[in-house]
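S.K.: My structure is below; once you've seen it, I'll send some questions.
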Amino acid sequence: MANTSCFLLQAIANRYDEFTPVEKNIADFFLNDKPTQELSARSIAQRLFVSEASLSRFAQKCGYKGFREFIYNYEQSLQADRQTSLNAMTREVMATYQGLLDSTLRLLDEDKICRILRLFTSHSQIYLYGMGSCGIAAQEFRLRLMRTGLAAEAVVDPHIMAMTAALADEHTLILALSMSGKTREVLSAVKLAKEHGARIVLFTAAHRQALRELCDEVLFVASTRNLETGSVISPQFPLLVMMDIFYMYILHTDYAGKSSLLTKTLIALDEKTRFAAKTERAGYAAQRQKSEE
């Protein structure tokens, strides 16, 4: 028999409809309560007000020779779970990440992504606005766009935001990042750029009508309670996930051409790394030779 609680509890669940009312009472005990102490047949029989013979029949229906074998495997599974179980804090973080990924999938609007992509390819000047963690995401996205041949500038300083917005025109595309949809510096620059004819795309978790009216396109990203404080996970995570999805769309608009550009950047970075390593080795050798003299 497998010694994992998942297998054992699944065996109970699979046969649940076959159990008598008494056996269902026993099944509920193991499925819901998951007892860890006082697991003798006598103790459990007294606790559930059933006979030991009922426990034996229950175990046999679950595929075991008797209750002793069943409880032995159950105890083994508890020990294995204790050895492999994650810390509660780790589980909380992982569950938060998974929840954000699931929400991203539900929010995904492929038609909207394609419309935004056309804006990127039809404008000669692209600015990425963001403050704080959104600014970090903007800088990351700028590098990724650069490697596909799209020249964009990440603007994370409010004064430069204001100046670029004042100089914007119909050839300008602004990609604004604000999880809360309330970042004053970003919204102020966006309004100014809009007045000068720029097209506006907003990545945000805020579902407010005023933002839809301000922007040409609003791409909603996943969020969770208190995400902006970074108390559990990095606030820019859902932004980066959506940007990764958007990046794949960009890459596949002209896969051969974009892949060629990406390869060129990788070669350039590799050559720079080799040059730096060679320079470091030369410097080390010269220093060693000097010390020997």
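How things are named: the first chain in the structure tokens is A, the next is B, and so on; residues count from 1 in each chain; ligands count from 1 in the order shown.
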Please identify all polymer residues within 10 Å of Tyr97 of chain A, counting only C-alpha atoms, omitting same-chain residues fewer than 4 positions from it, and present them as number ranges by chain.
M.R.: A: 91-93, 101-103, 224, 232-234, 237-238
S.K.: With N, CA and C atoms retained, export the selected residues as an mmCIF file, in the first residue's frame.
M.R.:
data_model
loop_
_atom_site.group_PDB
_atom_site.id
_atom_site.type_symbol
_atom_site.label_atom_id
_atom_site.label_comp_id
_atom_site.auth_asym_id
_atom_site.auth_seq_id
_atom_site.Cartn_x
_atom_site.Cartn_y
_atom_site.Cartn_z
ATOM 1 N N ARG A 91 3.572 28.157 2.706
ATOM 2 C CA ARG A 91 2.326 27.803 2.018
ATOM 3 C C ARG A 91 1.501 29.051 1.717
ATOM 4 N N GLU A 92 1.514 30.015 2.630
ATOM 5 C CA GLU A 92 0.758 31.249 2.409
ATOM 6 C C GLU A 92 1.293 32.013 1.206
ATOM 7 N N VAL A 93 2.629 32.103 1.129
ATOM 8 C CA VAL A 93 3.235 32.811 -0.005
ATOM 9 C C VAL A 93 2.910 32.099 -1.314
ATOM 10 N N LEU A 101 -1.822 34.115 -10.173
ATOM 11 C CA LEU A 101 -1.708 33.509 -11.506
ATOM 12 C C LEU A 101 -3.085 33.109 -12.028
ATOM 13 N N ASP A 102 -3.899 32.530 -11.154
ATOM 14 C CA ASP A 102 -5.252 32.144 -11.564
ATOM 15 C C ASP A 102 -6.080 33.368 -11.944
ATOM 16 N N SER A 103 -5.929 34.446 -11.169
ATOM 17 C CA SER A 103 -6.665 35.679 -11.472
ATOM 18 C C SER A 103 -6.196 36.295 -12.785
ATOM 19 N N THR A 224 -4.222 41.432 -4.953
ATOM 20 C CA THR A 224 -4.735 40.825 -3.738
ATOM 21 C C THR A 224 -4.666 41.860 -2.625
ATOM 22 N N VAL A 232 3.531 40.459 1.754
ATOM 23 C CA VAL A 232 3.634 39.011 1.545
ATOM 24 C C VAL A 232 4.501 38.697 0.333
ATOM 25 N N ILE A 233 4.207 39.302 -0.804
ATOM 26 C CA ILE A 233 4.990 39.073 -2.009
ATOM 27 C C ILE A 233 5.358 40.402 -2.654
ATOM 28 N N SER A 234 6.227 40.343 -3.671
ATOM 29 C CA SER A 234 6.652 41.554 -4.372
ATOM 30 C C SER A 234 5.476 42.171 -5.112
ATOM 31 N N PHE A 237 4.945 41.653 -8.987
ATOM 32 C CA PHE A 237 4.794 40.304 -9.557
ATOM 33 C C PHE A 237 3.668 40.205 -10.585
ATOM 34 N N PRO A 238 2.428 40.609 -10.264
ATOM 35 C CA PRO A 238 1.364 40.477 -11.271
ATOM 36 C C PRO A 238 1.597 41.316 -12.515
#
S.K.: Let's see if you can do this: from backbone DSSP, list all strand (DSSP E or B) residues in segment 23-268 of chain A, as a list of chain:residue names.
M.R.: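 Matching residues for strand (DSSP E or B) in segment 23-268 of chain A are A:Gln125, A:Ile126, A:Tyr127, A:Leu128, A:Tyr129, A:Glu153, A:Ala154, A:Val155, A:Thr172, A:Leu173, A:Ile174, A:Leu175, A:Ala176, A:Leu177, A:Arg199, A:Ile200, A:Val201, A:Leu202, A:Phe203, A:Thr204, A:Glu217, A:Val218, A:Leu219, A:Phe220.
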S.K.: So which residues of segment 20-250 of chain A fall under helix (DSSP H, G or I) by DSSP, listed as a VMD selection string?
M.R.: chain A and resid 21 to 33 41 to 48 52 to 61 67 to 84 88 to 107 110 to 121 133 to 146 158 to 166 184 to 195 209 to 214 227 to 229 237 to 250
S.K.: Report, in Å with one decimal, the straight-line distance from atom CA of Asp33 of chain A to atom CA of Leu78 of chain A.
M.R.: 13.0 Å
S.K.: Counting only C-alpha atoms, which residues in segment 94-130 of chain A sit no more than 6 Å from segment 147-159 of chain A? For each one, give the nearest pair of atoms and the distance in Å, sorted by chain then residue number, as JSON lines.
M.R.:
{"residue": "A:Ile126", "atom": "CA", "partner": "A:Ala152", "partner_atom": "CA", "distance": 4.8}
{"residue": "A:Tyr127", "atom": "CA", "partner": "A:Glu153", "partner_atom": "CA", "distance": 4.9}
{"residue": "A:Leu128", "atom": "CA", "partner": "A:Ala154", "partner_atom": "CA", "distance": 4.6}
{"residue": "A:Tyr129", "atom": "CA", "partner": "A:Val155", "partner_atom": "CA", "distance": 5.1}
{"residue": "A:Gly130", "atom": "CA", "partner": "A:Val156", "partner_atom": "CA", "distance": 5.3}
S.K.: Rounded to one decimal, what separation in Å do you get between atom CA of Ala95 of chain A and atom CA of Ser180 of chain A?
M.R.: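 A separation of 21.9 Å between them.
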S.K.: Write out as a VMD selection string the residues lying within 9 Å of Ala176 of chain A, counting only C-alpha atoms and excluding same-chain residues fewer than 5 positions away.
M.R.: chain A and resid 127 to 130 134 138 186 to 187 190 200 to 204
S.K.: Between atom CA of Phe49 of chain A and atom CA of Val22 of chain A, what is the distance in Å, rounded to a tenth?
M.R.: 9.3 Å
